[in-house]
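I have placed the structure first, in the form of structure tokens, so that the comments after it can refer back to it.
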Amino acid sequence: MSEPGVDVGGTSAVLADLMAHGVGPGDWIGLAVASGIGVGLAAGAHVVGRACADPVDLVAQLESALHPRWIWWDARTPASLAAGGLRAARCWDVAAVHRLLFGGWRAAPDVAWASLHGLPIADLPTTGQLDLLGLAGDDGPDLSTAVRPDGYLRPEWVSDGWARSADRLADWARTAAIAAARQLEQLRATPADGDPLSTAWSESAAEMLCTELQADGLPIDRDRAEQLIAASAGPRPRDEADATRIRAERDAAVLAHVPGARGVDLRNPAQVRAMLATIGFELPDTRSWRLEPFRRSHPVIGPLLAWRKAERISTTYGYGWLEANVGTDGRLRGGWTGSDGAAGRMTAQAGLHNLPAELRPAVAAEPGHVLVRADLGQIEPRVLAVVSGDAAFARAGLENDLYAPVAARLGVERPIAKVAVLAAMYGQTSGSAGEALKGMQAAYPDAMRYLDAAYDEGRAGRGVRTHGGRLVRMPALPEDLDEAGVRSAQAARGRYARNAVIQGAAAEFFKTWAVIVRARAAALDARIVLCLHDELLVHAPRERADAVADLLRVCLNETAGRWQAGHTSVRFVADISVLERWSDAKPVPAPN
């Protein structure tokens, strides 16, 4: 492998140099960028560092000329590119693929590198340790390369030391390319019913999408948001004394319905429970779902439930939240990640995944645009039909409403059939779910065997792999449990594994769909602005609304075809609407 060197020529010189070393369109290129420093590139055995003031411009020109699959360590690189206005087409994200291969959340470069090379994670070197292995004569440790003689990455490099020079950027890109090559080998040896390599591609692209979601933000009508907050939590306080008065008035509207409750702190669940006991409600807790059935039994229940919603708006999604997270451009921004470190679902911060329904009318398209919403229907049961290979269940998946043929096969009403399917996936065995499950065992034995096998693995503490190859680790049991506690914890772990193989596969399907939409929507000047579990929200020019709606269907069908690879023919369906505001659904009829 050639030594990294600094290329101080123009972009055309860098491109000519790469092509002279056999780099062509579509090839894999390791990439490291640092603003104001330059770019590091690694393609095969050729490594080059380029000092430049605008590294994103150089990468953009290489992207246009070569259309490579970029290799980078983690989402910091595409975040830098997105901040500079560049949306790369294809990538390999070492951190995303590490989480796929090894499970869990930790995926920093030193963790990923050590895992790939069989080095104990517990022995990772830390900054400040005496580096006896890296000594270079009397001048101290040799920090010119990212890898220490013992095989670990140097902690000085991991903690952003790689970004100090073009030479270091080149070596950082080289080590990322080496890591990707090892990951590729391990993926090919990973036991999975699906295609781990395709999953790695979509997981990498999903991380790229996450950086773009964070950069773009979700369009918010600030004035409408203020109106909605005021309607629920009261007007914007003038000062802390005014805030205290507003809280007291909100509390009084509830306490007035219970004699002698004036001093009760509604923010203290124990005091609320005691207050309810004085009027005849002996409840194990005061959760909203437990109170809801008693709404008509006493005049305090309705106001208490309304108070809960208002309090959540006030404390979590109030004026402070608005100021902290919605920019002057009217976009709500928060951190995004493509995997939750468990079954692999996308996550978001700043309320993007937990926005109360009361505030959804504030999510509004900008002038001249619309929101095109697509919500996958019955995604987890359809995924179960595919991953289990159950032919009878797959036939049910051919229908728009999967639960209807299941109900007919089980000889029960549709609501009971739905309970049976959900109980099978979530491991619920008590009550009506237990009776319904008996029919599932007889009607769909392959689907139930698939779920039972995951349960057994999880109960025993062994990790499970999703259809796409993601490892889902099982937590260790607490050491202080008695025999009954151990059995209970093992059963809970089994139920977690049972659902993880379905939820994880559904997340993989969703992200594949999302990244295909991301790639194709750009031609229509449309962008995804929200990924919410099984739902996509696309911001599009008004005149292209129908085209974007059609695109969502086409991409969904393409995803279904790729993901099933001809083994099954389950239909995947989505409810697609064109919206002015997120809260206003206007269905677009599907073509005949």
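In the structure tokens, chains take letters A, B, ... by order of appearance, with residues numbered from 1 within each chain and ligands from 1 in the order shown.
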Exercise. Leaving out A:Ala114 and any residue of its chain fewer than 2 positions from it, which residues lie within 10 Å of it when counting only C-alpha atoms, given as a list in words?
Worked result: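 Those residues are Pro109, Asp110, Val111, Ala112, Leu116, His117, Gly118, Leu119, Pro120, Ile121, Ala122, Asp123, Leu124, Gly151, Tyr152, Leu153 and Ala179 of chain A.
Those residues that approach A:Arg267 to within 10 Å, counting only C-alpha atoms, are A:Asp251, A:Val264, A:Asp265, A:Pro269, A:Ala270, A:Gln271, A:Val272, A:Arg308, A:Glu311; same-chain residues fewer than 2 positions away are not listed.
Checking A:Cys555, A:Ala521, A:Leu422, A:Ala549 one by one against A:Arg498, counting only C-alpha atoms, you find the shortest gap at A:Leu422.
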Residues of stretch 323-420 of chain A within 9 Å of stretch 443-461 of chain A: nearest atom pair and distance (Å, one decimal) for each, counting only C-alpha atoms, sorted by chain and number, as a Markdown table?
| residue | atom | partner | partner_atom | distance |
| --- | --- | --- | --- | --- |
| A:Leu384 | CA | A:Ala447 | CA | 6.8 |
| A:Ala385 | CA | A:Ala447 | CA | 6.9 |
| A:Val387 | CA | A:Tyr450 | CA | 8.2 |
| A:Ser388 | CA | A:Ala447 | CA | 5.0 |
| A:Gly389 | CA | A:Asp446 | CA | 6.8 |
| A:Asp390 | CA | A:Asp446 | CA | 5.0 |
| A:Ala391 | CA | A:Asp446 | CA | 8.2 |
| A:Ala392 | CA | A:Tyr444 | CA | 6.5 |
| A:Phe393 | CA | A:Tyr444 | CA | 6.3 |
| A:Val406 | CA | A:Ala443 | CA | 8.7 |
| A:Arg409 | CA | A:Ala443 | CA | 7.1 |
| A:Leu410 | CA | A:Ala443 | CA | 7.0 |
Exercise. Atom CA of A:Thr199 and atom CA of A:Ala342 are how many Å apart?
Worked result: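 It comes out at 15.5 Å.
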Problem set entry | All residues 7 Å or closer to stretch 365-376 of chain A, only C-alpha atoms, same chain fewer than 6 positions away omitted, as a ChimeraX atom specification | /A:219,534-542,545,549,573-581
Those same residues, written as a short mmCIF file (atom, residue, chain, number, x, y, z; two decimals), in the first residue's frame with all heavy atoms?
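The resulting file, part-v8.cif, is reproduced below:
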data_model
loop_
_atom_site.label_atom_id
_atom_site.label_comp_id
_atom_site.auth_asym_id
_atom_site.auth_seq_id
_atom_site.Cartn_x
_atom_site.Cartn_y
_atom_site.Cartn_z
N PRO A 219 -40.82 21.41 8.83
CA PRO A 219 -41.45 22.74 8.73
C PRO A 219 -42.54 22.94 9.78
O PRO A 219 -43.42 22.10 9.94
CB PRO A 219 -42.02 22.76 7.31
CG PRO A 219 -42.16 21.32 6.91
CD PRO A 219 -41.06 20.59 7.63
N ASP A 534 -43.38 3.92 11.14
CA ASP A 534 -43.74 3.33 9.86
C ASP A 534 -44.28 4.38 8.89
O ASP A 534 -44.96 4.05 7.92
CB ASP A 534 -44.81 2.23 10.07
CG ASP A 534 -44.37 1.21 11.11
OD1 ASP A 534 -43.18 0.91 11.17
OD2 ASP A 534 -45.25 0.74 11.86
N GLU A 535 -43.98 5.63 9.16
CA GLU A 535 -44.58 6.73 8.41
C GLU A 535 -43.51 7.65 7.84
O GLU A 535 -42.55 8.01 8.51
CB GLU A 535 -45.49 7.52 9.36
CG GLU A 535 -46.17 8.71 8.75
CD GLU A 535 -47.07 9.42 9.76
OE1 GLU A 535 -47.33 8.85 10.85
OE2 GLU A 535 -47.50 10.55 9.47
N LEU A 536 -43.70 8.02 6.57
CA LEU A 536 -42.83 8.99 5.90
C LEU A 536 -43.62 10.27 5.65
O LEU A 536 -44.80 10.23 5.26
CB LEU A 536 -42.33 8.47 4.56
CG LEU A 536 -41.26 7.39 4.55
CD1 LEU A 536 -40.92 7.02 3.11
CD2 LEU A 536 -40.01 7.84 5.28
N LEU A 537 -42.97 11.41 5.84
CA LEU A 537 -43.56 12.70 5.52
C LEU A 537 -42.59 13.39 4.55
O LEU A 537 -41.42 13.61 4.88
CB LEU A 537 -43.74 13.54 6.79
CG LEU A 537 -44.84 14.59 6.81
CD1 LEU A 537 -46.20 13.96 6.57
CD2 LEU A 537 -44.83 15.35 8.12
N VAL A 538 -43.09 13.68 3.34
CA VAL A 538 -42.26 14.26 2.29
C VAL A 538 -42.74 15.67 1.99
O VAL A 538 -43.93 15.90 1.79
CB VAL A 538 -42.32 13.40 1.01
CG1 VAL A 538 -41.39 13.98 -0.07
CG2 VAL A 538 -41.92 11.95 1.32
N HIS A 539 -41.81 16.61 1.97
CA HIS A 539 -42.11 18.01 1.64
C HIS A 539 -41.86 18.19 0.15
O HIS A 539 -40.76 17.93 -0.34
CB HIS A 539 -41.19 18.92 2.46
CG HIS A 539 -41.63 20.36 2.49
ND1 HIS A 539 -40.87 21.37 1.95
CD2 HIS A 539 -42.75 20.95 2.99
CE1 HIS A 539 -41.49 22.53 2.14
NE2 HIS A 539 -42.63 22.30 2.77
N ALA A 540 -42.90 18.59 -0.59
CA ALA A 540 -42.81 18.59 -2.05
C ALA A 540 -43.48 19.82 -2.63
O ALA A 540 -44.43 20.37 -2.05
CB ALA A 540 -43.49 17.34 -2.60
N PRO A 541 -43.02 20.27 -3.80
CA PRO A 541 -43.72 21.35 -4.50
C PRO A 541 -45.17 20.95 -4.77
O PRO A 541 -45.45 19.80 -5.12
CB PRO A 541 -42.94 21.50 -5.80
CG PRO A 541 -41.57 20.97 -5.49
CD PRO A 541 -41.80 19.84 -4.52
N ARG A 542 -46.07 21.89 -4.62
CA ARG A 542 -47.50 21.59 -4.75
C ARG A 542 -47.82 20.94 -6.09
O ARG A 542 -48.61 19.99 -6.16
CB ARG A 542 -48.31 22.88 -4.58
CG ARG A 542 -49.82 22.67 -4.63
CD ARG A 542 -50.55 24.00 -4.45
NE ARG A 542 -50.23 24.61 -3.18
CZ ARG A 542 -50.81 24.28 -2.02
NH1 ARG A 542 -51.74 23.35 -2.00
NH2 ARG A 542 -50.46 24.89 -0.90
N ALA A 545 -47.27 17.05 -6.25
CA ALA A 545 -47.83 16.23 -5.19
C ALA A 545 -48.23 14.85 -5.70
O ALA A 545 -47.91 13.82 -5.08
CB ALA A 545 -49.04 16.92 -4.56
N ALA A 549 -46.69 11.21 -4.66
CA ALA A 549 -47.54 10.14 -4.15
C ALA A 549 -47.33 8.86 -4.95
O ALA A 549 -47.21 7.76 -4.40
CB ALA A 549 -49.01 10.56 -4.18
N VAL A 573 -48.62 -2.42 1.87
CA VAL A 573 -49.55 -1.34 1.52
C VAL A 573 -49.27 -0.12 2.36
O VAL A 573 -48.70 -0.21 3.46
CB VAL A 573 -51.02 -1.79 1.70
CG1 VAL A 573 -51.34 -2.97 0.80
CG2 VAL A 573 -51.29 -2.17 3.17
N ALA A 574 -49.66 1.02 1.84
CA ALA A 574 -49.49 2.28 2.57
C ALA A 574 -50.68 3.19 2.31
O ALA A 574 -51.21 3.25 1.20
CB ALA A 574 -48.20 2.97 2.15
N ASP A 575 -51.09 3.90 3.35
CA ASP A 575 -52.10 4.94 3.23
C ASP A 575 -51.37 6.22 2.86
O ASP A 575 -50.51 6.69 3.62
CB ASP A 575 -52.84 5.10 4.56
CG ASP A 575 -53.81 6.27 4.55
OD1 ASP A 575 -54.35 6.57 3.48
OD2 ASP A 575 -54.00 6.90 5.61
N ILE A 576 -51.68 6.78 1.69
CA ILE A 576 -50.95 7.95 1.19
C ILE A 576 -51.91 9.13 1.10
O ILE A 576 -53.02 9.01 0.55
CB ILE A 576 -50.31 7.66 -0.17
CG1 ILE A 576 -49.29 6.51 -0.02
CG2 ILE A 576 -49.63 8.91 -0.74
CD1 ILE A 576 -48.64 6.09 -1.32
N SER A 577 -51.50 10.27 1.65
CA SER A 577 -52.34 11.46 1.69
C SER A 577 -51.51 12.68 1.32
O SER A 577 -50.30 12.73 1.58
CB SER A 577 -52.93 11.68 3.09
OG SER A 577 -53.59 10.52 3.56
N VAL A 578 -52.17 13.67 0.74
CA VAL A 578 -51.56 14.97 0.49
C VAL A 578 -52.11 15.95 1.52
O VAL A 578 -53.34 16.08 1.67
CB VAL A 578 -51.87 15.45 -0.94
CG1 VAL A 578 -51.34 16.88 -1.15
CG2 VAL A 578 -51.25 14.51 -1.97
N LEU A 579 -51.22 16.63 2.22
CA LEU A 579 -51.62 17.44 3.37
C LEU A 579 -51.11 18.86 3.25
O LEU A 579 -50.01 19.11 2.72
CB LEU A 579 -51.04 16.86 4.67
CG LEU A 579 -51.08 15.35 4.89
CD1 LEU A 579 -50.27 14.99 6.11
CD2 LEU A 579 -52.51 14.89 5.03
N GLU A 580 -51.90 19.78 3.77
CA GLU A 580 -51.39 21.13 4.03
C GLU A 580 -50.70 21.13 5.40
O GLU A 580 -49.65 21.73 5.58
CB GLU A 580 -52.54 22.14 4.04
CG GLU A 580 -53.28 22.26 2.72
CD GLU A 580 -52.46 22.93 1.64
OE1 GLU A 580 -51.53 23.69 1.98
OE2 GLU A 580 -52.74 22.70 0.45
N ARG A 581 -51.36 20.42 6.33
CA ARG A 581 -50.82 20.26 7.68
C ARG A 581 -50.85 18.78 8.03
O ARG A 581 -51.67 18.03 7.51
CB ARG A 581 -51.66 21.06 8.70
CG ARG A 581 -51.62 22.56 8.44
CD ARG A 581 -52.49 23.34 9.40
NE ARG A 581 -52.46 24.76 9.08
CZ ARG A 581 -51.55 25.63 9.55
NH1 ARG A 581 -50.63 25.22 10.40
NH2 ARG A 581 -51.59 26.90 9.18
#
Problem set entry | Coordinates-based distance that separates atom CA of A:Glu558 from atom CA of A:Val383 (Å, one decimal) | 15.3 Å
12 Å contact set for A:Val412, only C-alpha atoms, chain neighbours under 4 positions out, as an mmCIF file with C-alpha atoms, in the first residue's frame:
data_model
loop_
_atom_site.group_PDB
_atom_site.id
_atom_site.type_symbol
_atom_site.label_atom_id
_atom_site.label_comp_id
_atom_site.auth_asym_id
_atom_site.auth_seq_id
_atom_site.Cartn_x
_atom_site.Cartn_y
_atom_site.Cartn_z
ATOM 1 C CA TYR A 403 -56.689 -9.558 9.402
ATOM 2 C CA ALA A 404 -59.810 -10.389 7.379
ATOM 3 C CA PRO A 405 -58.527 -13.679 5.873
ATOM 4 C CA VAL A 406 -56.913 -14.561 9.228
ATOM 5 C CA ALA A 407 -60.306 -14.128 10.895
ATOM 6 C CA ALA A 408 -61.933 -16.350 8.275
ATOM 7 C CA ILE A 416 -60.181 -11.287 17.786
ATOM 8 C CA ALA A 417 -58.011 -12.241 14.801
ATOM 9 C CA LYS A 418 -56.081 -9.002 15.232
ATOM 10 C CA VAL A 419 -55.584 -9.752 18.922
ATOM 11 C CA ALA A 420 -54.324 -13.226 18.020
ATOM 12 C CA SER A 432 -58.601 -13.596 25.194
ATOM 13 C CA GLU A 435 -57.492 -18.450 23.484
ATOM 14 C CA ALA A 436 -56.860 -16.785 20.136
ATOM 15 C CA LEU A 437 -53.277 -18.061 20.052
ATOM 16 C CA GLY A 439 -56.036 -21.093 16.674
ATOM 17 C CA MET A 440 -52.843 -19.422 15.397
#
